[in-house]
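> Just one file: work21.txt, with compact mmCIF, C-alpha atoms.
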```txt
# COMPACT_ATOMS: atom_id res chain seq x y z
CA MET A 20 57.60 -101.93 -56.32
CA ASP A 21 55.57 -98.81 -56.99
CA ASN A 22 56.13 -95.09 -57.09
CA ILE A 23 56.00 -94.76 -53.29
CA ASP A 24 59.53 -96.13 -53.23
CA GLU A 25 60.47 -93.73 -55.97
CA ILE A 26 59.17 -90.78 -53.95
CA LEU A 27 60.84 -91.94 -50.76
CA ASN A 28 64.15 -92.62 -52.51
CA HIS A 29 63.98 -89.21 -54.14
CA ALA A 30 63.36 -87.56 -50.77
CA ALA A 31 66.13 -89.61 -49.15
CA ALA A 32 68.63 -88.48 -51.76
CA ALA A 33 67.75 -84.81 -51.32
CA PRO A 34 70.03 -82.96 -48.90
CA HIS A 35 68.65 -81.74 -45.59
CA PRO A 36 70.97 -78.96 -44.48
CA VAL A 37 71.17 -78.02 -40.80
CA ASN A 38 72.23 -74.59 -39.60
CA PRO A 39 76.07 -74.77 -39.30
CA ALA A 40 75.93 -72.46 -36.27
CA LEU A 41 73.73 -75.01 -34.50
CA LEU A 42 76.19 -77.81 -35.27
CA ASP A 43 79.08 -75.66 -34.03
CA SER A 44 77.20 -74.92 -30.84
CA ILE A 45 76.53 -78.65 -30.28
CA ALA A 46 80.19 -79.49 -30.95
CA ARG A 47 81.36 -76.77 -28.55
CA SER A 48 79.05 -77.91 -25.72
CA ILE A 49 80.15 -81.54 -26.17
CA GLY A 50 83.82 -80.54 -26.45
CA ALA A 51 83.62 -78.66 -23.15
CA ASP A 52 82.92 -81.93 -21.32
CA LEU A 53 84.77 -84.47 -23.45
CA ARG A 54 86.78 -87.06 -21.58
CA PRO A 55 87.40 -90.76 -22.21
CA VAL A 56 84.68 -93.09 -20.96
CA ARG A 57 84.77 -96.81 -20.26
CA PRO A 58 82.09 -98.68 -22.26
CA VAL A 59 79.60 -100.72 -20.25
CA PRO A 60 80.61 -104.38 -19.69
CA PRO A 61 79.53 -107.07 -22.18
CA ARG A 62 75.91 -108.16 -22.14
CA TRP A 63 76.65 -111.71 -20.91
CA LEU A 64 78.62 -110.41 -17.95
CA LEU A 65 75.86 -108.05 -16.82
CA THR A 66 73.20 -110.75 -17.32
CA GLY A 67 75.25 -113.26 -15.34
CA GLY A 68 75.84 -110.68 -12.63
CA LEU A 69 72.12 -110.00 -12.28
CA VAL A 70 71.25 -113.71 -12.08
CA LEU A 71 73.96 -114.16 -9.47
CA VAL A 72 72.65 -111.23 -7.38
CA ALA A 73 69.05 -112.49 -7.54
CA ALA A 74 70.01 -116.10 -6.73
CA ALA A 75 72.33 -115.06 -3.90
CA ILE A 76 69.72 -112.84 -2.23
CA ALA A 77 66.98 -115.49 -2.60
CA THR A 78 69.23 -118.20 -1.15
CA ALA A 79 70.41 -115.95 1.69
CA GLY A 80 66.77 -115.10 2.52
CA ALA A 81 65.83 -118.78 2.56
CA ALA A 82 68.88 -119.59 4.68
CA VAL A 83 67.73 -117.09 7.29
CA LEU A 84 64.11 -118.31 7.28
CA GLY A 85 64.92 -122.01 6.78
CA PHE A 86 64.88 -124.32 3.75
CA HIS A 87 61.60 -125.96 4.78
CA GLY A 88 60.02 -125.80 1.33
CA VAL A 89 62.74 -127.38 -0.75
CA GLN A 90 63.27 -130.11 1.87
CA ASN A 91 59.65 -131.22 1.50
CA LEU A 92 59.59 -131.16 -2.30
CA THR A 93 60.11 -134.37 -4.25
CA ALA A 94 62.97 -134.70 -6.70
CA ILE A 95 60.52 -134.34 -9.61
CA ASP A 96 59.05 -131.17 -8.06
CA ARG A 97 62.53 -129.70 -7.72
CA ALA A 98 63.50 -130.74 -11.24
CA LEU A 99 60.48 -128.96 -12.68
CA LEU A 100 60.28 -125.88 -10.47
CA PHE A 101 63.85 -124.67 -10.06
CA PRO A 102 64.98 -124.94 -13.71
CA LEU A 103 61.87 -122.94 -14.65
CA LEU A 104 62.75 -120.28 -12.08
CA ALA A 105 66.36 -120.24 -13.31
CA LEU A 106 65.18 -119.81 -16.91
CA LEU A 107 62.81 -117.00 -15.99
CA LEU A 108 65.52 -115.28 -13.93
CA TRP A 109 67.90 -115.48 -16.88
CA LEU A 110 65.32 -114.12 -19.33
CA ALA A 111 64.42 -111.28 -16.97
CA ALA A 112 68.09 -110.46 -16.39
CA ALA A 113 68.79 -110.43 -20.15
CA ALA A 114 65.74 -108.21 -20.70
CA CYS A 115 66.97 -105.85 -17.95
CA VAL A 116 70.34 -105.51 -19.64
CA GLY A 117 68.61 -104.82 -22.97
CA GLU A 118 66.45 -102.12 -21.40
CA ILE A 119 69.46 -100.09 -20.24
CA THR A 120 71.29 -100.36 -23.56
CA PRO A 121 69.83 -98.13 -26.31
CA GLY A 122 69.33 -99.88 -29.63
CA SER A 123 69.81 -103.38 -28.30
CA ARG A 124 67.99 -106.42 -29.66
CA ARG A 125 64.85 -107.22 -27.70
CA PHE A 126 64.35 -110.96 -27.28
CA VAL A 127 61.28 -110.67 -25.11
CA SER A 128 58.98 -107.74 -24.38
CA PRO A 129 58.45 -106.68 -20.74
CA ARG A 130 54.74 -107.47 -20.95
CA PHE A 131 55.33 -110.89 -22.48
CA LEU A 132 57.98 -111.64 -19.86
CA LEU A 133 55.64 -110.68 -17.01
CA VAL A 134 52.54 -112.43 -18.35
CA GLY A 135 54.43 -115.44 -19.70
CA GLY A 136 56.43 -115.76 -16.49
CA ILE A 137 53.35 -115.66 -14.28
CA LEU A 138 51.40 -118.08 -16.51
CA SER A 139 54.25 -120.59 -16.64
CA LEU A 140 54.63 -120.43 -12.84
CA LEU A 141 50.88 -120.92 -12.41
CA ALA A 142 50.93 -123.88 -14.78
CA VAL A 143 53.81 -125.56 -12.94
CA PHE A 144 52.22 -124.92 -9.54
CA ALA A 145 48.93 -126.36 -10.79
CA ILE A 146 50.73 -129.48 -12.01
CA LEU A 147 52.88 -129.99 -8.89
CA PHE A 148 50.58 -129.24 -5.99
CA ARG A 149 47.40 -131.19 -5.25
CA ASP A 150 46.35 -129.85 -1.84
CA TYR A 151 43.20 -127.82 -2.47
CA GLN A 152 42.62 -126.75 1.16
CA THR A 153 42.72 -123.10 2.16
CA ILE A 154 43.64 -123.21 5.85
CA ASN A 155 44.68 -119.80 7.24
CA PHE A 156 44.57 -118.58 3.66
CA LEU A 157 44.84 -114.84 4.37
CA PRO A 158 47.33 -114.68 7.29
CA GLN A 159 49.70 -117.21 5.72
CA GLY A 160 49.29 -115.60 2.33
CA ILE A 161 50.10 -112.11 3.59
CA ALA A 162 53.13 -113.47 5.47
CA CYS A 163 54.45 -115.09 2.26
CA LEU A 164 53.71 -112.02 0.13
CA THR A 165 55.53 -109.80 2.64
CA ALA A 166 58.50 -112.16 2.87
CA GLY A 167 58.72 -112.36 -0.94
CA LEU A 168 58.60 -108.60 -1.30
CA LEU A 169 61.23 -108.20 1.43
CA ILE A 170 63.52 -110.24 -0.82
CA ALA A 171 62.44 -108.31 -3.93
CA VAL A 172 63.52 -104.97 -2.45
CA PRO A 173 67.23 -105.79 -1.88
CA THR A 174 67.26 -107.63 -5.23
CA ALA A 175 65.97 -104.49 -6.95
CA LEU A 176 68.69 -102.47 -5.22
CA GLY A 177 71.27 -105.01 -6.41
CA VAL A 178 69.89 -104.76 -9.96
CA TRP A 179 70.17 -100.99 -9.80
CA PHE A 180 73.76 -101.26 -8.56
CA VAL A 181 74.81 -103.63 -11.36
CA LEU A 182 73.07 -101.57 -14.05
CA ARG A 183 73.68 -98.09 -12.62
CA ARG A 184 75.80 -97.00 -15.62
CA GLY A 185 73.09 -97.88 -18.13
CA PHE A 186 70.71 -95.54 -19.92
CA ALA A 187 67.05 -96.56 -19.99
CA VAL A 188 65.33 -95.08 -23.03
CA ASN A 189 62.02 -96.24 -21.57
CA PRO A 190 62.06 -96.00 -17.74
CA VAL A 191 58.59 -97.59 -17.38
CA SER A 192 59.57 -100.62 -19.39
CA ALA A 193 62.93 -100.87 -17.58
CA GLY A 194 61.19 -100.56 -14.21
CA THR A 195 58.70 -103.29 -15.11
CA VAL A 196 61.45 -105.71 -16.14
CA ALA A 197 63.60 -104.94 -13.10
CA GLY A 198 60.53 -105.40 -10.88
CA THR A 199 59.79 -108.74 -12.56
CA LEU A 200 63.35 -109.91 -11.94
CA ALA A 201 63.23 -108.82 -8.30
CA GLY A 202 59.82 -110.49 -7.86
CA LEU A 203 61.16 -113.74 -9.33
CA ALA A 204 63.93 -113.67 -6.73
CA GLY A 205 61.18 -113.35 -4.11
CA VAL A 206 59.35 -116.37 -5.56
CA ALA A 207 62.58 -118.37 -5.63
CA MET A 208 63.11 -117.64 -1.92
CA LEU A 209 59.51 -118.67 -1.15
CA GLU A 210 59.89 -121.97 -3.02
CA LEU A 211 63.02 -122.70 -1.01
CA HIS A 212 61.45 -121.66 2.29
CA CYS A 213 57.64 -122.02 2.34
CA PRO A 214 56.38 -125.46 3.46
CA ASN A 215 52.76 -124.59 2.62
CA PHE A 216 51.92 -126.57 -0.52
CA GLU A 217 48.24 -125.64 -0.75
CA VAL A 218 47.75 -124.96 -4.43
CA PHE A 219 45.71 -121.75 -4.05
CA HIS A 220 48.17 -120.35 -1.53
CA VAL A 221 51.12 -120.94 -3.84
CA MET A 222 49.32 -119.77 -6.97
CA LEU A 223 47.99 -116.55 -5.50
CA TRP A 224 50.44 -115.38 -2.87
CA HIS A 225 53.73 -116.66 -4.27
CA THR A 226 53.01 -115.59 -7.83
CA GLY A 227 51.54 -112.33 -6.52
CA VAL A 228 55.05 -111.29 -5.46
CA VAL A 229 56.07 -111.02 -9.15
CA LEU A 230 52.98 -109.01 -10.02
CA VAL A 231 53.30 -106.56 -7.11
CA SER A 232 57.03 -106.16 -7.65
CA ALA A 233 56.63 -105.54 -11.41
CA ALA A 234 53.84 -103.02 -10.72
CA ALA A 235 56.09 -101.22 -8.21
CA GLY A 236 58.89 -101.15 -10.80
CA ALA A 237 56.56 -99.72 -13.44
CA TRP A 238 55.34 -97.10 -10.98
CA LEU A 239 58.93 -96.06 -10.20
CA GLY A 240 59.50 -95.79 -13.95
CA ILE A 241 56.48 -93.52 -14.28
CA LEU A 242 57.82 -91.33 -11.45
CA ARG A 243 61.22 -91.22 -13.15
CA ASN A 244 59.59 -90.18 -16.43
CA ALA A 245 57.66 -87.43 -14.68
CA ALA A 246 60.83 -86.22 -12.93
CA LEU A 247 62.72 -86.12 -16.23
CA ARG A 248 59.94 -84.07 -17.81
CA GLN A 249 59.99 -81.42 -15.07
CA MET B 18 73.74 -93.68 -45.52
CA TYR B 19 77.22 -94.24 -44.12
CA ALA B 20 79.31 -97.33 -43.78
CA ASP B 21 78.61 -98.80 -40.37
CA ARG B 22 82.30 -99.66 -39.87
CA ASP B 23 83.21 -96.02 -40.30
CA LEU B 24 80.62 -94.92 -37.76
CA GLU B 25 81.73 -97.63 -35.34
CA THR B 26 85.31 -96.38 -35.54
CA LEU B 27 84.21 -92.80 -34.98
CA MET B 28 82.06 -93.88 -32.03
CA ALA B 29 84.97 -95.77 -30.46
CA ARG B 30 87.20 -92.71 -30.85
CA TYR B 31 84.47 -90.49 -29.42
CA GLN B 32 84.33 -92.76 -26.36
CA GLN B 33 88.10 -92.32 -26.02
CA GLY B 34 87.62 -88.55 -25.87
CA ASP B 35 88.61 -87.68 -29.45
CA PHE B 36 87.02 -84.31 -30.27
CA SER B 37 87.53 -84.63 -34.03
CA ALA B 38 85.57 -87.92 -33.98
CA ALA B 39 82.76 -86.27 -32.00
CA THR B 40 82.64 -83.41 -34.50
CA ALA B 41 82.65 -85.83 -37.44
CA LEU B 42 79.72 -87.74 -35.93
CA ILE B 43 77.81 -84.52 -35.33
CA GLN B 44 78.41 -83.37 -38.92
CA ARG B 45 77.46 -86.73 -40.41
CA LEU B 46 74.44 -87.72 -38.36
CA SER B 47 72.83 -84.39 -37.50
CA PRO B 48 71.12 -83.81 -40.87
CA GLN B 49 69.33 -87.17 -40.80
CA LEU B 50 68.45 -86.84 -37.11
CA HIS B 51 67.13 -83.33 -37.79
CA ARG B 52 65.04 -84.64 -40.67
CA PHE B 53 63.77 -87.42 -38.38
CA PHE B 54 62.39 -84.75 -36.02
CA VAL B 55 61.00 -82.55 -38.80
CA ILE B 56 59.14 -85.46 -40.38
CA GLN B 57 57.82 -86.57 -36.99
CA PHE B 58 55.64 -83.44 -36.72
CA ALA B 59 58.21 -81.00 -35.29
CA SER B 60 58.71 -77.49 -36.69
CA ARG B 61 62.21 -76.51 -37.77
CA GLY B 62 62.69 -74.58 -34.51
CA ASP B 63 61.53 -77.55 -32.43
CA ALA B 64 63.73 -79.87 -34.47
CA ASP B 65 66.75 -77.65 -33.70
CA ASP B 66 65.99 -77.89 -29.96
CA LEU B 67 65.39 -81.63 -30.16
CA LEU B 68 68.63 -82.14 -32.06
CA GLN B 69 70.57 -80.28 -29.38
CA GLU B 70 68.86 -82.24 -26.62
CA THR B 71 69.54 -85.50 -28.44
CA TRP B 72 73.27 -84.79 -28.71
CA LEU B 73 73.37 -83.84 -25.04
CA ARG B 74 71.73 -87.18 -24.15
CA ILE B 75 74.00 -89.04 -26.60
CA HIS B 76 76.98 -87.45 -24.89
CA GLN B 77 75.74 -88.47 -21.43
CA ALA B 78 75.02 -92.03 -22.57
CA ARG B 79 78.01 -92.56 -24.90
CA HIS B 80 79.51 -95.22 -22.64
CA THR B 81 76.43 -97.44 -23.21
CA TYR B 82 77.47 -98.08 -26.82
CA ARG B 83 79.35 -101.37 -27.18
CA ALA B 84 81.89 -101.82 -29.94
CA GLY B 85 80.65 -104.18 -32.63
CA GLU B 86 76.97 -103.33 -32.14
CA PRO B 87 75.17 -101.43 -34.93
CA VAL B 88 75.58 -97.67 -34.43
CA LEU B 89 72.46 -96.23 -36.05
CA PRO B 90 69.92 -98.08 -33.87
CA TRP B 91 71.78 -96.78 -30.81
CA PHE B 92 71.51 -93.17 -32.04
CA TYR B 93 67.91 -93.52 -33.19
CA ALA B 94 66.77 -95.21 -29.97
CA ILE B 95 67.94 -92.12 -28.07
CA ALA B 96 66.51 -89.70 -30.65
CA ARG B 97 63.19 -91.52 -30.53
CA HIS B 98 63.17 -91.30 -26.73
CA ILE B 99 63.73 -87.52 -26.94
CA ARG B 100 60.96 -87.21 -29.52
CA VAL B 101 58.46 -89.21 -27.45
CA ASP B 102 59.35 -87.15 -24.38
CA HIS B 103 58.89 -83.92 -26.33
CA TYR B 104 55.54 -85.12 -27.64
CA ARG B 105 54.33 -85.94 -24.11
CA LYS B 106 55.52 -82.59 -22.76
CA ALA B 107 53.79 -80.79 -25.64
CA SER B 108 50.56 -82.76 -25.14
CA ARG B 109 50.57 -82.03 -21.43
CA SER B 110 51.16 -78.30 -21.80
CA LYS B 111 48.55 -78.17 -24.57
CA SER B 112 45.99 -79.90 -22.35
CA LYS B 113 46.77 -77.38 -19.57
CA GLU B 114 46.29 -74.51 -22.00
CA ASP B 115 43.05 -76.06 -23.22
CA ARG B 116 41.76 -76.19 -19.66
CA LEU B 117 42.67 -72.52 -19.12
CA ASP B 118 41.10 -71.24 -22.33
CA GLU B 119 37.39 -71.59 -22.62
CA LEU B 120 37.58 -71.41 -26.38
CA PRO B 121 40.86 -72.99 -27.34
CA GLU B 122 42.54 -71.64 -30.43
CA LEU B 123 43.48 -74.01 -33.18
CA PRO B 124 47.15 -74.93 -33.00
CA ALA B 125 49.31 -72.93 -35.37
CA ALA B 126 50.36 -74.80 -38.46
CA PRO B 127 53.98 -75.88 -38.20
CA GLU B 128 56.49 -74.05 -40.33
CA LYS B 129 56.70 -75.93 -43.56
CA GLU B 130 60.01 -76.88 -45.01
CA ALA B 131 60.70 -75.92 -48.55
CA GLY B 132 61.51 -78.79 -50.84
CA SER B 133 61.80 -82.47 -50.22
CA THR B 134 61.23 -82.61 -46.46
CA ALA B 135 57.90 -80.82 -46.82
CA ASP B 136 56.90 -83.20 -49.62
CA LEU B 137 57.89 -86.17 -47.56
CA GLU B 138 56.10 -84.77 -44.54
CA ALA B 139 52.94 -84.37 -46.62
CA LEU B 140 53.27 -87.91 -47.93
CA LEU B 141 53.76 -89.43 -44.49
CA ALA B 142 51.34 -87.16 -42.63
CA THR B 143 48.46 -89.59 -43.08
CA LEU B 144 50.31 -92.37 -41.27
CA PRO B 145 50.18 -93.05 -37.54
CA GLN B 146 53.34 -92.11 -35.65
CA SER B 147 54.61 -95.67 -35.27
CA GLN B 148 54.24 -96.45 -38.99
CA ARG B 149 55.71 -93.10 -40.01
CA GLU B 150 58.91 -93.65 -38.03
CA VAL B 151 59.31 -97.18 -39.39
CA VAL B 152 58.96 -96.00 -43.00
CA GLU B 153 61.36 -93.15 -42.37
CA MET B 154 64.02 -95.33 -40.78
CA LEU B 155 63.71 -98.01 -43.46
CA LYS B 156 63.43 -95.85 -46.54
CA ILE B 157 65.00 -92.49 -45.74
CA VAL B 158 67.74 -93.43 -43.29
CA GLY B 159 68.31 -96.76 -45.01
CA MET B 160 68.35 -98.95 -41.92
CA SER B 161 67.70 -102.68 -42.14
CA LEU B 162 64.62 -104.35 -40.61
CA GLU B 163 66.82 -105.66 -37.80
CA GLU B 164 68.22 -102.19 -37.11
CA VAL B 165 64.76 -100.58 -37.06
CA ALA B 166 63.59 -103.29 -34.68
CA ARG B 167 66.49 -102.47 -32.37
CA ALA B 168 65.89 -98.72 -32.55
CA THR B 169 62.18 -99.07 -31.82
CA SER B 170 62.53 -101.83 -29.17
CA SER B 171 60.29 -104.15 -31.15
CA SER B 172 60.55 -107.34 -33.15
CA VAL B 173 61.46 -107.66 -36.82
CA GLY B 174 57.98 -109.09 -37.44
CA SER B 175 56.34 -106.06 -35.91
CA VAL B 176 58.48 -103.72 -38.04
CA LYS B 177 57.56 -105.67 -41.20
CA GLN B 178 53.89 -105.47 -40.28
CA LYS B 179 54.03 -101.72 -39.66
CA ALA B 180 55.87 -101.11 -42.93
CA HIS B 181 53.37 -103.25 -44.82
CA ARG B 182 50.40 -101.40 -43.33
CA ALA B 183 52.04 -98.05 -43.98
CA TYR B 184 52.57 -98.95 -47.64
CA GLU B 185 48.96 -100.07 -47.96
CA LYS B 186 47.78 -96.74 -46.55
CA LEU B 187 50.12 -94.75 -48.78
CA ARG B 188 49.02 -96.69 -51.88
CA ASP B 189 45.42 -96.10 -50.96
CA ARG B 190 46.09 -92.40 -50.41
CA MET B 191 48.00 -92.01 -53.67
CA GLY B 192 45.34 -93.84 -55.62
CA ARG B 193 42.75 -91.21 -54.80
CA PRO B 194 42.07 -88.21 -57.05
CA GLY B 195 44.20 -85.20 -56.06
CA SER B 196 46.70 -87.55 -54.49
CA LEU B 197 49.95 -86.59 -52.86
CA ALA B 198 51.99 -88.11 -55.64
CA ARG B 199 52.04 -84.95 -57.73
CA SER B 200 53.02 -82.65 -54.87
CA ALA B 201 55.61 -85.10 -53.59
CA LYS B 202 57.22 -85.35 -57.02
CA ALA B 203 57.10 -81.61 -57.66
CA PRO B 204 60.41 -79.86 -58.47
CA ARG B 205 62.40 -78.94 -55.37
CA ASN B 206 62.77 -75.35 -54.26
CA GLY B 207 66.02 -75.67 -52.41
```
Take the structure in this file and express it as structure tokens.

Amino acid sequence: MDNIDEILNHAAAAPHPVNPALLDSIARSIGADLRPVRPVPPRWLLTGGLVLVAAAIATAGAAVLGFHGVQNLTAIDRALLFPLLALLLWLAAAACVGEITPGSRRFVSPRFLLVGGILSLLAVFAILFRDYQTINFLPQGIACLTAGLLIAVPTALGVWFVLRRGFAVNPVSAGTVAGTLAGLAGVAMLELHCPNFEVFHVMLWHTGVVLVSAAAGAWLGILRNAALRQ
Amino acid sequence: MYADRDLETLMARYQQGDFSAATALIQRLSPQLHRFFVIQFASRGDADDLLQETWLRIHQARHTYRAGEPVLPWFYAIARHIRVDHYRKASRSKSKEDRLDELPELPAAPEKEAGSTADLEALLATLPQSQREVVEMLKIVGMSLEEVARATSSSVGSVKQKAHRAYEKLRDRMGRPGSLARSAKAPRNG
């Protein structure tokens, strides 16, 4: 190497004393409130819990509204669509758990998860659905978007409940990922329920649930950041 | 640099409410966390405040550390969060002040550290924030690429790229006449 390393190593070896009174003060303030704490559960357990919450809420929503969508899908459609949704839910759940654990390994960035998730859904929808009509495009679309978001809200609350003991070092990023997960639960419910297989309807209004939900999560993260800075 | 096993044990005892373990962690990690803040643009006074705030946040979040995970990325992820927050607060209050003053004054130069930290600060000052923190964590704290990636919520590839670019910039800077090399290698004052 070169002398940059030499300089850095030299600096690293040099002591950097901190005022002992400051360290004493820190130790005293920590000691005043020192009690045993229970570490957060293992990563796999939290991830599994989040997937379970999202799947349960999506299925319950579809049960209330009717399983008209899944009943009209072919076996190949189901085999392509639902494993993809399960994979995306798992990735989003794992990313959520990472976001509330400082210093954890990041497998996928929130932006990549959101963009990649939406693009993969769009690709699968484009492959599966061949009906290019746009009958009642806006009213049916708004109904689906609303229904999807109504599933995303309780899912987000469930996510918060499971991860409530975590510590998000980046609330915006954590909010985006949690919103993505909640939005995916909304899409899962729509795929189980919605019998409208018009390709533009599915691509815009079903996928839009993920986008709106992730944006709402990011916005809540921004609000949380602002509140912390007050 | 400290043996990770040792820090893991101390962290586990700290979670169990052992005050001596908490004190040992504070004594061991505070100097390098303090230097992290000083190098990342903070004055000594600011670094003292940031160190206190970091330990307060570490204390509140101590249950989020899982046994067996690397300790340093956990500490540095929180310290980095405090630093970013401080930077945003400072930028916002500065922009408010700028709006109030018709002719804004130049910001006061930060108090300079005597000795190695000042030299290091001068050496790294030309780097963007993200590259500076990567070089510091890798070379001063002695963390691995994987640990830096964890602390900065990025990938190992991104850390490698930042370190590479930082080295290129530093080489370029040191190659110029009147480079930082001489000042950075100057005898220490204290």
> What lies within 7 Å of Ala96 of chain B using only C-alpha atoms, ignoring chain neighbours under 4 positions off, as number ranges by chain?
B: 71, 92, 100
> Would you mind telling me which residue in A:Ala207, A:Leu147, A:Ile49, A:Val191 lies nearest to Arg243 of chain A when using all atoms listed in the file?
A:Val191
> Please identify every residue of chain B that has at least one atom no more than 8 Å from any atom of chain A, counting all atoms listed in the file, and report them as a ChimeraX atom specification.
/B:31-36,39-40,43-44,47-49,51-52,65,69,72-73,76,78-83,90-95,98,102,106,133-134,136-137,156-158,164,166-172,184,187-188,198,201-202
> Okay, now the selection with C-alpha atoms, as a JSON list (two decimals), in the frame of the given file?

```
[["chain", "number", "residue", "atom", "x", "y", "z"],
["B", 31, "TYR", "CA", 84.47, -90.49, -29.42],
["B", 32, "GLN", "CA", 84.33, -92.76, -26.36],
["B", 33, "GLN", "CA", 88.10, -92.32, -26.02],
["B", 34, "GLY", "CA", 87.62, -88.55, -25.87],
["B", 35, "ASP", "CA", 88.61, -87.68, -29.45],
["B", 36, "PHE", "CA", 87.02, -84.31, -30.27],
["B", 39, "ALA", "CA", 82.76, -86.27, -32.00],
["B", 40, "THR", "CA", 82.64, -83.41, -34.50],
["B", 43, "ILE", "CA", 77.81, -84.52, -35.33],
["B", 44, "GLN", "CA", 78.41, -83.37, -38.92],
["B", 47, "SER", "CA", 72.83, -84.39, -37.50],
["B", 48, "PRO", "CA", 71.12, -83.81, -40.87],
["B", 49, "GLN", "CA", 69.33, -87.17, -40.80],
["B", 51, "HIS", "CA", 67.13, -83.33, -37.79],
["B", 52, "ARG", "CA", 65.04, -84.64, -40.67],
["B", 65, "ASP", "CA", 66.75, -77.65, -33.70],
["B", 69, "GLN", "CA", 70.57, -80.28, -29.38],
["B", 72, "TRP", "CA", 73.27, -84.79, -28.71],
["B", 73, "LEU", "CA", 73.37, -83.84, -25.04],
["B", 76, "HIS", "CA", 76.98, -87.45, -24.89],
["B", 78, "ALA", "CA", 75.02, -92.03, -22.57],
["B", 79, "ARG", "CA", 78.01, -92.56, -24.90],
["B", 80, "HIS", "CA", 79.51, -95.22, -22.64],
["B", 81, "THR", "CA", 76.43, -97.44, -23.21],
["B", 82, "TYR", "CA", 77.47, -98.08, -26.82],
["B", 83, "ARG", "CA", 79.35, -101.37, -27.18],
["B", 90, "PRO", "CA", 69.92, -98.08, -33.87],
["B", 91, "TRP", "CA", 71.78, -96.78, -30.81],
["B", 92, "PHE", "CA", 71.51, -93.17, -32.04],
["B", 93, "TYR", "CA", 67.91, -93.52, -33.19],
["B", 94, "ALA", "CA", 66.77, -95.21, -29.97],
["B", 95, "ILE", "CA", 67.94, -92.12, -28.07],
["B", 98, "HIS", "CA", 63.17, -91.30, -26.73],
["B", 102, "ASP", "CA", 59.35, -87.15, -24.38],
["B", 106, "LYS", "CA", 55.52, -82.59, -22.76],
["B", 133, "SER", "CA", 61.80, -82.47, -50.22],
["B", 134, "THR", "CA", 61.23, -82.61, -46.46],
["B", 136, "ASP", "CA", 56.90, -83.20, -49.62],
["B", 137, "LEU", "CA", 57.89, -86.17, -47.56],
["B", 156, "LYS", "CA", 63.43, -95.85, -46.54],
["B", 157, "ILE", "CA", 65.00, -92.49, -45.74],
["B", 158, "VAL", "CA", 67.74, -93.43, -43.29],
["B", 164, "GLU", "CA", 68.22, -102.19, -37.11],
["B", 166, "ALA", "CA", 63.59, -103.29, -34.68],
["B", 167, "ARG", "CA", 66.49, -102.47, -32.37],
["B", 168, "ALA", "CA", 65.89, -98.72, -32.55],
["B", 169, "THR", "CA", 62.18, -99.07, -31.82],
["B", 170, "SER", "CA", 62.53, -101.83, -29.17],
["B", 171, "SER", "CA", 60.29, -104.15, -31.15],
["B", 172, "SER", "CA", 60.55, -107.34, -33.15],
["B", 184, "TYR", "CA", 52.57, -98.95, -47.64],
["B", 187, "LEU", "CA", 50.12, -94.75, -48.78],
["B", 188, "ARG", "CA", 49.02, -96.69, -51.88],
["B", 198, "ALA", "CA", 51.99, -88.11, -55.64],
["B", 201, "ALA", "CA", 55.61, -85.10, -53.59],
["B", 202, "LYS", "CA", 57.22, -85.35, -57.02]]
```
> Residues near segment 158-165 of chain A, anyone? I mean within 12 Å using only C-alpha atoms, not counting same-chain ones fewer than 4 positions away, as a ChimeraX atom specification.
/A:81,84,153-154,169-172,202,205-232
